[in-house]
Structures are given as structure tokens and as C-alpha cells.
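Data from start.csv: CSV, C-alpha atoms
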chain,number,residue,atom,x,y,z
A,1,MET,CA,18.8,171.6,192.2
A,2,VAL,CA,16.7,172.5,195.2
A,3,ALA,CA,13.4,170.6,195.4
A,4,LEU,CA,10.4,172.8,195.4
A,5,SER,CA,7.4,172.0,197.6
A,6,SER,CA,5.3,174.2,195.3
A,7,LEU,CA,6.1,172.1,192.2
A,8,SER,CA,4.7,168.7,191.5
A,9,PRO,CA,6.3,166.5,188.8
A,10,ARG,CA,3.3,165.0,187.1
A,11,PRO,CA,2.9,161.2,186.7
A,12,PRO,CA,-0.1,160.2,184.6
A,13,ARG,CA,-3.2,162.0,186.0
A,14,PRO,CA,-1.8,162.7,189.5
A,15,SER,CA,-3.6,163.8,192.7
A,16,PRO,CA,-1.8,167.0,193.6
A,17,SER,CA,-0.9,167.4,197.2
A,18,PRO,CA,-0.9,170.8,198.8
A,19,ALA,CA,2.4,172.5,199.3
A,20,THR,CA,3.9,172.6,202.8
A,21,PRO,CA,4.5,176.2,203.8
A,22,ARG,CA,7.9,177.2,205.3
A,23,HIS,CA,8.0,178.3,208.9
A,24,ARG,CA,8.5,182.0,208.5
A,25,PRO,CA,6.3,185.0,209.1
A,26,PRO,CA,4.6,186.4,206.0
A,27,PRO,CA,6.1,189.6,204.6
A,28,PRO,CA,4.3,192.9,205.2
A,29,THR,CA,1.8,193.8,202.6
A,30,PRO,CA,3.3,196.6,200.4
A,31,ARG,CA,1.1,199.3,198.9
A,32,VAL,CA,-0.2,198.6,195.5
A,33,HIS,CA,-1.6,201.4,193.4
A,34,THR,CA,-5.0,200.2,192.1
A,35,SER,CA,-8.4,201.6,191.4
A,36,SER,CA,-10.6,201.8,194.5
A,37,ARG,CA,-12.9,199.2,193.0
A,38,LEU,CA,-10.2,196.6,192.6
A,39,ARG,CA,-7.8,197.6,195.5
A,40,GLY,CA,-9.0,195.2,198.1
A,41,ARG,CA,-9.3,192.2,195.8
A,42,THR,CA,-5.8,192.9,194.3
A,43,LEU,CA,-4.1,193.3,197.7
A,44,ARG,CA,-5.7,190.1,199.0
A,45,ALA,CA,-4.5,188.2,195.9
A,46,ALA,CA,-1.0,189.5,196.3
A,47,THR,CA,-0.9,188.8,200.1
A,48,ALA,CA,-2.0,185.2,199.6
A,49,ALA,CA,0.7,184.7,197.0
A,50,ALA,CA,3.3,186.2,199.3
A,51,THR,CA,2.8,183.6,201.9
A,52,THR,CA,3.5,180.7,199.5
A,53,PRO,CA,6.8,178.8,199.7
A,54,GLY,CA,9.7,180.5,198.0
A,55,ALA,CA,7.8,183.7,197.3
A,56,ASP,CA,11.1,185.5,196.8
A,57,ASP,CA,10.0,187.7,194.0
A,58,TYR,CA,6.9,189.1,195.8
A,59,HIS,CA,8.3,192.5,196.8
A,60,SER,CA,10.3,193.0,193.6
A,61,THR,CA,7.1,192.3,191.6
A,62,ILE,CA,5.1,194.8,193.5
A,63,ARG,CA,7.8,197.4,193.4
A,64,SER,CA,8.1,196.9,189.6
A,65,LEU,CA,4.3,197.3,189.2
A,66,ASN,CA,4.4,200.5,191.3
A,67,SER,CA,7.6,201.9,189.8
A,68,ARG,CA,5.8,203.7,187.0
A,69,GLY,CA,2.5,204.2,188.7
A,70,ARG,CA,1.3,200.9,187.1
A,71,HIS,CA,-2.2,199.6,188.0
A,72,VAL,CA,-3.4,196.1,188.2
A,73,PRO,CA,-2.2,193.6,185.6
A,74,ARG,CA,-4.4,193.5,182.5
A,75,LYS,CA,-6.6,190.5,182.2
A,76,SER,CA,-7.1,191.2,178.5
A,77,LEU,CA,-3.4,190.4,178.0
A,78,GLY,CA,-3.4,187.4,180.2
A,79,GLN,CA,-1.0,189.0,182.7
A,80,ASN,CA,-0.3,186.8,185.7
A,81,TYR,CA,3.2,187.5,187.1
A,82,MET,CA,5.4,184.9,188.7
A,83,LEU,CA,6.2,185.6,192.4
A,84,ASN,CA,8.4,182.5,193.1
A,85,SER,CA,12.0,183.0,192.0
A,86,LYS,CA,12.7,179.2,192.5
A,87,VAL,CA,10.0,178.4,189.8
A,88,ASN,CA,11.9,180.7,187.4
A,89,GLU,CA,15.1,178.9,188.2
A,90,GLU,CA,13.4,175.5,187.5
A,91,LEU,CA,12.0,176.9,184.2
A,92,VAL,CA,15.6,178.0,183.2
A,93,ALA,CA,17.0,174.6,184.2
A,94,ALA,CA,14.3,172.8,182.2
A,95,ALA,CA,15.6,174.5,179.1
A,96,GLY,CA,19.2,173.7,179.9
A,97,VAL,CA,20.1,177.4,179.6
A,98,GLU,CA,23.9,178.0,180.0
A,99,GLU,CA,26.5,180.6,179.5
A,100,GLY,CA,26.4,182.0,176.0
A,101,ASP,CA,22.9,180.8,175.0
A,102,VAL,CA,20.6,183.2,173.1
A,103,VAL,CA,17.0,183.0,174.4
A,104,LEU,CA,13.8,184.3,173.1
A,105,GLU,CA,11.5,185.3,176.0
A,106,ILE,CA,7.8,186.1,175.2
A,107,GLY,CA,6.0,188.4,177.6
A,108,PRO,CA,8.7,189.2,180.2
A,109,GLY,CA,6.3,191.2,182.4
A,110,THR,CA,8.2,192.5,185.4
A,111,GLY,CA,11.4,190.8,184.5
A,112,SER,CA,11.6,188.0,187.1
A,113,LEU,CA,12.3,185.3,184.6
A,114,THR,CA,14.5,187.6,182.6
A,115,ALA,CA,16.7,188.1,185.6
A,116,ALA,CA,17.0,184.3,186.0
A,117,LEU,CA,18.0,183.9,182.4
A,118,LEU,CA,20.6,186.7,182.6
A,119,GLN,CA,22.0,185.2,185.8
A,120,ALA,CA,22.4,181.9,183.9
A,121,GLY,CA,24.6,183.7,181.4
A,122,ALA,CA,22.1,183.9,178.5
A,123,THR,CA,21.6,186.8,176.1
A,124,VAL,CA,17.8,187.5,176.1
A,125,PHE,CA,15.7,188.8,173.2
A,126,ALA,CA,12.4,189.8,175.0
A,127,VAL,CA,9.2,190.5,173.1
A,128,GLU,CA,6.6,192.4,175.2
A,129,LYS,CA,3.2,193.6,173.9
A,130,ASP,CA,2.5,195.9,176.8
A,131,LYS,CA,4.4,199.2,176.2
A,132,HIS,CA,4.4,200.0,180.0
A,133,MET,CA,6.0,196.6,180.8
A,134,ALA,CA,8.5,197.0,177.9
A,135,THR,CA,9.6,200.3,179.4
A,136,LEU,CA,9.7,198.8,182.9
A,137,ILE,CA,12.0,196.0,181.6
A,138,LYS,CA,14.4,198.5,180.0
A,139,ASP,CA,14.5,200.6,183.1
A,140,ARG,CA,15.0,197.6,185.4
A,141,PHE,CA,18.0,196.2,183.6
A,142,GLY,CA,19.4,199.4,182.2
A,143,SER,CA,21.9,199.3,179.3
A,144,THR,CA,23.3,195.8,178.7
A,145,GLU,CA,24.4,193.9,175.6
A,146,GLN,CA,22.8,190.8,177.2
A,147,LEU,CA,19.2,192.1,176.7
A,148,LYS,CA,17.2,193.5,173.8
A,149,VAL,CA,13.6,194.4,174.4
A,150,ILE,CA,11.1,194.7,171.5
A,151,GLU,CA,7.6,196.2,172.0
A,152,GLU,CA,5.5,193.9,169.8
A,153,ASP,CA,2.7,191.3,169.8
A,154,ILE,CA,4.4,188.0,169.3
A,155,THR,CA,1.5,186.7,167.2
A,156,LYS,CA,2.2,189.5,164.7
A,157,PHE,CA,6.0,189.5,165.1
A,158,HIS,CA,8.1,188.1,162.2
A,159,ILE,CA,10.7,186.1,164.1
A,160,ARG,CA,12.9,185.2,161.2
A,161,SER,CA,13.2,188.9,160.1
A,162,HIS,CA,14.0,190.3,163.5
A,163,PHE,CA,15.4,187.6,165.7
A,164,LEU,CA,17.6,185.7,163.2
A,165,PRO,CA,20.0,188.7,162.6
A,166,PHE,CA,20.3,189.2,166.4
A,167,MET,CA,21.0,185.5,166.9
A,168,LYS,CA,23.6,185.3,164.2
A,169,GLU,CA,25.3,188.4,165.6
A,170,LYS,CA,25.5,186.9,169.1
A,171,TYR,CA,26.6,183.5,167.9
A,172,HIS,CA,29.2,185.0,165.5
A,173,ALA,CA,27.9,183.1,162.5
A,174,THR,CA,28.1,179.7,164.2
A,175,LYS,CA,25.4,177.1,163.6
A,176,LYS,CA,24.3,177.0,167.2
A,177,LEU,CA,20.5,177.2,167.7
A,178,ALA,CA,18.7,179.5,170.1
A,179,LYS,CA,16.1,178.5,172.8
A,180,VAL,CA,12.7,179.8,173.9
A,181,VAL,CA,11.9,180.2,177.6
A,182,SER,CA,8.7,181.9,178.6
A,183,ASN,CA,6.1,182.3,181.3
A,184,LEU,CA,3.5,182.6,178.5
A,185,PRO,CA,0.2,184.6,178.8
A,186,PHE,CA,-2.4,181.8,179.0
A,187,ASN,CA,-4.6,183.4,176.4
A,188,VAL,CA,-2.2,183.0,173.5
A,189,SER,CA,-0.6,179.7,174.3
A,190,THR,CA,-1.9,177.6,171.4
A,191,GLU,CA,-1.2,180.4,168.9
A,192,VAL,CA,2.4,180.6,170.1
A,193,VAL,CA,2.9,176.9,170.1
A,194,LYS,CA,1.8,176.8,166.4
A,195,LEU,CA,4.1,179.7,165.6
A,196,LEU,CA,7.3,178.3,167.2
A,197,LEU,CA,7.3,174.5,166.7
A,198,PRO,CA,7.9,174.5,163.0
A,199,MET,CA,11.1,176.5,163.6
A,200,GLY,CA,13.5,173.7,164.2
A,201,ASP,CA,16.1,175.5,162.1
A,202,VAL,CA,16.1,178.4,164.6
A,203,PHE,CA,15.4,176.9,168.0
A,204,SER,CA,16.6,173.6,169.6
A,205,VAL,CA,14.0,173.7,172.5
A,206,VAL,CA,10.9,175.6,173.5
A,207,VAL,CA,10.1,175.6,177.2
A,208,LEU,CA,6.8,177.3,178.2
A,209,MET,CA,4.7,177.9,181.3
A,210,LEU,CA,1.1,177.2,180.2
A,211,GLN,CA,-2.2,176.3,181.9
A,212,ASP,CA,-1.9,172.9,183.5
A,213,GLU,CA,-4.7,171.4,181.4
A,214,THR,CA,-3.2,172.7,178.2
A,215,ALA,CA,0.2,171.3,179.0
A,216,VAL,CA,-1.2,167.9,179.8
A,217,ARG,CA,-3.2,167.9,176.6
A,218,LEU,CA,-0.2,168.9,174.4
A,219,ALA,CA,2.1,166.4,176.0
A,220,ASP,CA,-0.3,163.5,175.6
A,221,THR,CA,0.1,161.6,172.3
A,222,SER,CA,-2.7,159.2,172.9
A,223,ILE,CA,-5.6,161.7,173.1
A,224,GLN,CA,-8.4,160.7,170.6
A,225,ILE,CA,-10.9,163.5,171.3
A,226,PRO,CA,-11.6,164.9,167.8
A,227,GLU,CA,-11.3,168.6,168.7
A,228,TYR,CA,-7.9,168.1,170.3
A,229,ARG,CA,-6.3,165.5,168.0
A,230,PRO,CA,-5.1,167.9,165.2
A,231,ILE,CA,-3.0,170.0,167.6
A,232,ASN,CA,-1.6,166.8,169.1
A,233,VAL,CA,-0.6,165.6,165.7
A,234,PHE,CA,0.9,169.0,165.0
A,235,VAL,CA,2.9,169.0,168.2
A,236,ASN,CA,4.3,165.5,167.7
A,237,PHE,CA,5.0,166.2,164.0
A,238,TYR,CA,7.4,169.0,164.8
A,239,SER,CA,8.7,168.2,168.3
A,240,LYS,CA,9.0,165.8,171.2
A,241,PRO,CA,6.9,167.2,174.0
A,242,GLU,CA,7.5,166.5,177.6
A,243,TYR,CA,5.5,167.5,180.6
A,244,LYS,CA,8.0,168.8,183.2
A,245,PHE,CA,6.2,169.9,186.4
A,246,ARG,CA,3.0,171.6,187.7
A,247,VAL,CA,3.1,175.1,189.3
A,248,ASP,CA,0.4,175.8,191.8
A,249,ARG,CA,-1.7,178.9,191.1
A,250,GLU,CA,-0.7,180.5,194.4
A,251,ASN,CA,2.7,181.3,192.9
A,252,PHE,CA,1.1,183.9,190.5
A,253,PHE,CA,-0.1,187.4,190.9
A,254,PRO,CA,-2.9,188.0,190.4
A,255,GLN,CA,-3.8,184.4,191.3
A,256,PRO,CA,-5.5,182.7,188.3
A,257,LYS,CA,-8.3,180.2,188.6
A,258,VAL,CA,-6.2,177.3,187.3
A,259,ASN,CA,-2.7,175.9,188.0
A,260,GLY,CA,0.2,176.4,185.6
A,261,ALA,CA,2.6,173.8,184.3
A,262,VAL,CA,5.9,173.8,182.5
A,263,ILE,CA,6.2,171.8,179.2
A,264,SER,CA,9.2,171.3,177.0
A,265,PHE,CA,9.2,170.8,173.3
A,266,LYS,CA,12.4,169.4,171.8
A,267,LEU,CA,12.2,170.6,168.2
A,268,LYS,CA,13.0,168.3,165.3
A,269,ASN,CA,15.4,169.3,162.6
A,270,ALA,CA,13.7,171.0,159.7
A,271,GLU,CA,14.6,168.1,157.3
A,272,GLU,CA,12.9,165.6,159.6
A,273,TYR,CA,9.3,166.8,159.2
A,274,PRO,CA,7.1,166.1,156.2
A,275,PRO,CA,5.8,169.0,154.1
A,276,VAL,CA,2.1,168.3,154.8
A,277,ASN,CA,1.8,170.7,157.7
A,278,SER,CA,-0.7,172.8,155.8
A,279,ALA,CA,-3.2,169.9,156.4
A,280,PHE,CA,-3.3,171.0,160.1
A,281,MET,CA,-4.5,174.5,159.3
A,282,GLY,CA,-8.0,173.3,158.3
A,283,LYS,CA,-9.0,170.1,160.1
A,284,ARG,CA,-12.4,170.0,158.5
A,285,LYS,CA,-11.1,170.5,154.9
A,286,MET,CA,-10.5,167.3,152.9
A,287,LEU,CA,-6.9,166.5,152.4
A,288,ARG,CA,-7.3,166.2,148.6
A,289,LYS,CA,-8.1,170.0,148.8
A,290,SER,CA,-5.7,171.2,151.5
A,291,LEU,CA,-2.7,169.5,150.0
A,292,GLN,CA,-3.2,170.6,146.3
A,293,HIS,CA,-0.1,172.8,146.5
A,294,LEU,CA,2.0,169.6,146.8
A,295,CYS,CA,0.2,167.2,144.3
A,296,SER,CA,-2.9,167.0,142.2
A,297,SER,CA,-6.2,165.8,143.8
A,298,SER,CA,-6.0,162.5,141.9
A,299,GLU,CA,-2.5,161.8,143.2
A,300,ILE,CA,-3.5,162.7,146.8
A,301,GLU,CA,-6.6,160.4,146.4
A,302,ALA,CA,-4.3,157.6,145.2
A,303,ALA,CA,-1.9,158.0,148.1
A,304,LEU,CA,-4.8,158.0,150.6
A,305,ASP,CA,-6.2,154.8,149.0
A,306,ASN,CA,-2.8,153.1,149.1
A,307,ILE,CA,-2.6,153.6,152.9
A,308,GLY,CA,-6.1,152.4,153.5
A,309,LEU,CA,-7.9,155.7,154.0
A,310,PRO,CA,-11.0,157.1,152.2
A,311,VAL,CA,-10.3,159.7,149.5
A,312,THR,CA,-12.6,162.1,151.5
A,313,ALA,CA,-10.4,161.9,154.6
A,314,ARG,CA,-9.8,165.0,156.7
A,315,PRO,CA,-6.9,165.8,159.1
A,316,SER,CA,-9.1,164.9,162.1
A,317,ASP,CA,-9.5,161.3,160.7
A,318,LEU,CA,-5.7,160.6,160.8
A,319,ILE,CA,-3.4,159.7,163.5
A,320,LEU,CA,0.3,160.6,163.5
A,321,ASP,CA,1.4,157.3,161.8
A,322,ASP,CA,-1.2,158.0,159.0
A,323,PHE,CA,0.4,161.4,158.3
A,324,VAL,CA,3.9,159.9,158.1
A,325,ARG,CA,2.7,157.2,155.7
A,326,LEU,CA,0.8,159.8,153.6
A,327,HIS,CA,4.0,161.9,153.4
A,328,ASN,CA,6.0,158.9,152.3
A,329,HIS,CA,3.6,158.1,149.5
A,330,LEU,CA,3.4,161.8,148.4
A,331,THR,CA,7.2,162.1,148.2
A,332,LYS,CA,7.3,159.3,145.6
A,333,VAL,CA,4.8,161.1,143.3

Could you write out this structure as C-alpha cells?
Amino acid sequence: MVALSSLSPRPPRPSPSPATPRHRPPPPTPRVHTSSRLRGRTLRAATAAATTPGADDYHSTIRSLNSRGRHVPRKSLGQNYMLNSKVNEELVAAAGVEEGDVVLEIGPGTGSLTAALLQAGATVFAVEKDKHMATLIKDRFGSTEQLKVIEEDITKFHIRSHFLPFMKEKYHATKKLAKVVSNLPFNVSTEVVKLLLPMGDVFSVVVLMLQDETAVRLADTSIQIPEYRPINVFVNFYSKPEYKFRVDRENFFPQPKVNGAVISFKLKNAEEYPPVNSAFMGKRKMLRKSLQHLCSSSEIEAALDNIGLPVTARPSDLILDDFVRLHNHLTKV
């Protein structure tokens, strides 16, 4: 694998060093169709990204955006397109994508990551909320059995109803699991993580490009800040997270205010995780209330007392080990 100067593997709380540019002249700035108010700012952002190392997808991204008279990416949808094809290759490699894999891609955008997945031999099921970009993806790759594009909001999409039949068809009824590989819109990252991680019976691994701060937080099992701890318990409950590498913001168009990062979640088998996941949905609600679909309040209170916790305990009061011990007591009831 080629080492990327724009990617920085993250030791604990690193001090990122700037990427060293390659010695080559910057590409000419192609025309981008934008409104007069945003034209100058958009072109400057695109030009800056074009001069970063490995900006191989710069022209193809701009051509894609122009191909159907498309204007600037929509901030409301969190659209920041990847310009560096080598980042896409590293993203695919982080998921271990190989010939014959079935991959769910969320928000394919202009199709730069889609192209890398197809090149690796995967069959891609792409879910795109933006109807213009969904049409663009279909036009770019034409008719191929290796790609299916669905125009839908992933947060409202029923994966089991629509993706499972597709996966079983491609895997010919074998028990092989699919993978998720996505350069995710930053504004839906936590929602998507909560949606995907409990699906260890469908996916073996979920590899996402998120905001750097979000990726660090989700990969850290020791965070004790109350507002973050429930999501950390949730992540570690359903998966084994691993921070892979940072991606400098200069690799995106338009350039966001923060760096990105790739994080991998190795999903646990469905039988491995306890049935107390409903406790995560309301961190301020007492467990004796949120777990009543499993046991009576008195039985939950007795289990809490047996593991040394107050009967008024809430999810934010527990660490991962507490949830495991609570599960073990409740399964005996």
C-alpha cells in the first residue's frame, strides 16, 4: 500500500504535521457552475484542494458536478466530496474489500469512492438522498450488475427489507456477511452509527469517514464525560471500534472547517450482545423504567442492587462492565 502524506495514523492525541506537497504544477482551474454570489468562494476552495497531494479525483469531481448543470454542493446535506483517490483506496483497504464482496455505500456523491469499490471487485448497493447525485451515479457507471443505486434517506431506509434480498441474491444464499464503506455526510454520522452497529447479523465491518473529533470520541473506550459516555457504551456494546487514520480537510471539496478521519467498527455477532440496548435510547430515564419490556421493575431493582448500583440508576451512571453484569443478572430472572 502506498503511504499517503495527507493521511496521519493517529497515536493517542497526536500533533498533526502538515502534508508535504508533491513537486508538480497545480492543475488548471476548471469552470464550475455556481451562483454569482458563491462562484469566487467555491472556485477558491476547489483550487486549494486541487493542489493537495494525490488530488487525482479533482477534475472528475468537477466534471461530475457540472455534468448535469449541478451547482455548489448542498451544505444542508453535509456534502463534502473527496478529491483524493488515494484516500478512497485506503478507505477500501481499511474494510478489507475484495472480489465478490457486497458493500453498502451511504451517500456516494460523485462516485469517487464507488469507483474504488467497484475496482476492488465489490458489488455496491448505494443509498443516495440527493436525487441529482443519484442520477449522476447512474449516468456515470451506466448499466452494470455490480451497482444498484437507491434514492433514499438512509436514516429512513429499512435496510433489512431492501438490502437483505439484494445481498442474498448476490451471495447465492451463502451465509457471508456484507460490509459498509462510506464517506459519510458529517451531519448524520451519529444517527448512522446507531442504525448500523446493531446489525452484526448483516454486516461484518463498518468503515466510515467521519469528522476527526467524532472518530476519536467513538474509538475511545475510556471517555467519562457524561454526555458522551452512553454512545461509547453503545459502540463498544455492539462492536470493536478502531481509529484508522486522519484525513486532512484539504482533501475535500468544498473544504470543511474540520479534518476527517476513518474509523472501523468490527461488528459483534448478534448472539454476543445483551438485550439491554433499549437502555441506551434514553440516557436520563431510570433503568427500572426503560427495561420493563424485559423484566418487572422489582426484578430490575434487585439486579441493580446485586451488582452494587442504586435502584434509581440511569444509563449514564453505568460503564460497559456494569451493563454486562446487569445483563448477566437479568438473564437469570

Next item on the list: Go through A:Asn84, A:Asn183, A:Gln146, A:Thr174 and flag the residue nearest Pro108 in chain A, using all atoms listed in the file for the distances.
Entry: A:Asn183

Item checked: Residues near range 148-159 of chain A, cut-off 10 Å, all atoms listed in the file, skip fewer than 6 positions along chain, as a ChimeraX atom specification -> /A:104-108,123-135,137-138,165-166,188,191-192,194-196,199,202

Next item on the list: Tell me, in Å to one decimal, how far CA of Val235 in chain A is from CA of Pro310 in chain A.
Entry: 24.3 Å

Next item on the list: Quick one: pull the distance between CA of Lys285 in chain A and CA of Pro230 in chain A, Å, one decimal.
Entry: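 Answer for the CA of Lys285 in chain A to CA of Pro230 in chain A separation: 12.2 Å.
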
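For the atom pair formed by CA of Leu208 in chain A and CA of Ser182 in chain A, the distance is 5.0 Å, given to one decimal.
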
Next item on the list: With a distance cut-off of 12 Å and all atoms listed in the file, select the neighbouring residues of Leu164 in chain A, excluding the residue or stretch itself and same-chain residues fewer than 3 positions from it, and output the selection as a list in words.
Entry: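 The residues satisfying every condition are Val102, Val103, Leu104, Phe125, His158, Ile159, Arg160, Ser161, Met167, Lys168, Glu169, Lys170, Tyr171, His172, Ala173, Lys175, Lys176, Leu177, Ala178, Met199, Asp201, Val202 and Phe203 of chain A.
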
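Proximity to Lys268 in chain A at 9 Å, evaluated using all atoms listed in the file and with sequence-adjacent residues fewer than 6 positions away removed, yields A:Leu197, A:Pro198, A:Met199, A:Gly200, A:Asp201, A:Ser204, A:Phe237, A:Tyr238, A:Ser239, A:Lys240.
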
Saved selection, atoms kept: C-alpha atoms, as a PDB file, in the frame of the given file:
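The resulting file, result_27.pdb, is shown below:
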ATOM      1  CA  LEU A 197       7.300 174.500 166.700  1.00  0.00           C
ATOM      2  CA  PRO A 198       7.900 174.500 163.000  1.00  0.00           C
ATOM      3  CA  MET A 199      11.100 176.500 163.600  1.00  0.00           C
ATOM      4  CA  GLY A 200      13.500 173.700 164.200  1.00  0.00           C
ATOM      5  CA  ASP A 201      16.100 175.500 162.100  1.00  0.00           C
ATOM      6  CA  SER A 204      16.600 173.600 169.600  1.00  0.00           C
ATOM      7  CA  PHE A 237       5.000 166.200 164.000  1.00  0.00           C
ATOM      8  CA  TYR A 238       7.400 169.000 164.800  1.00  0.00           C
ATOM      9  CA  SER A 239       8.700 168.200 168.300  1.00  0.00           C
ATOM     10  CA  LYS A 240       9.000 165.800 171.200  1.00  0.00           C
TER      11      LYS A 240
END

Note to self: If we count all atoms listed in the file and set the cut-off at 8 Å, which residues sit around range 297-308 of chain A, ignoring sequence neighbours fewer than 5 positions away in its own chain? Please answer as number ranges by chain.
What the structure shows: A: 287-289, 291-292, 313, 322, 325-326, 329-330, 333
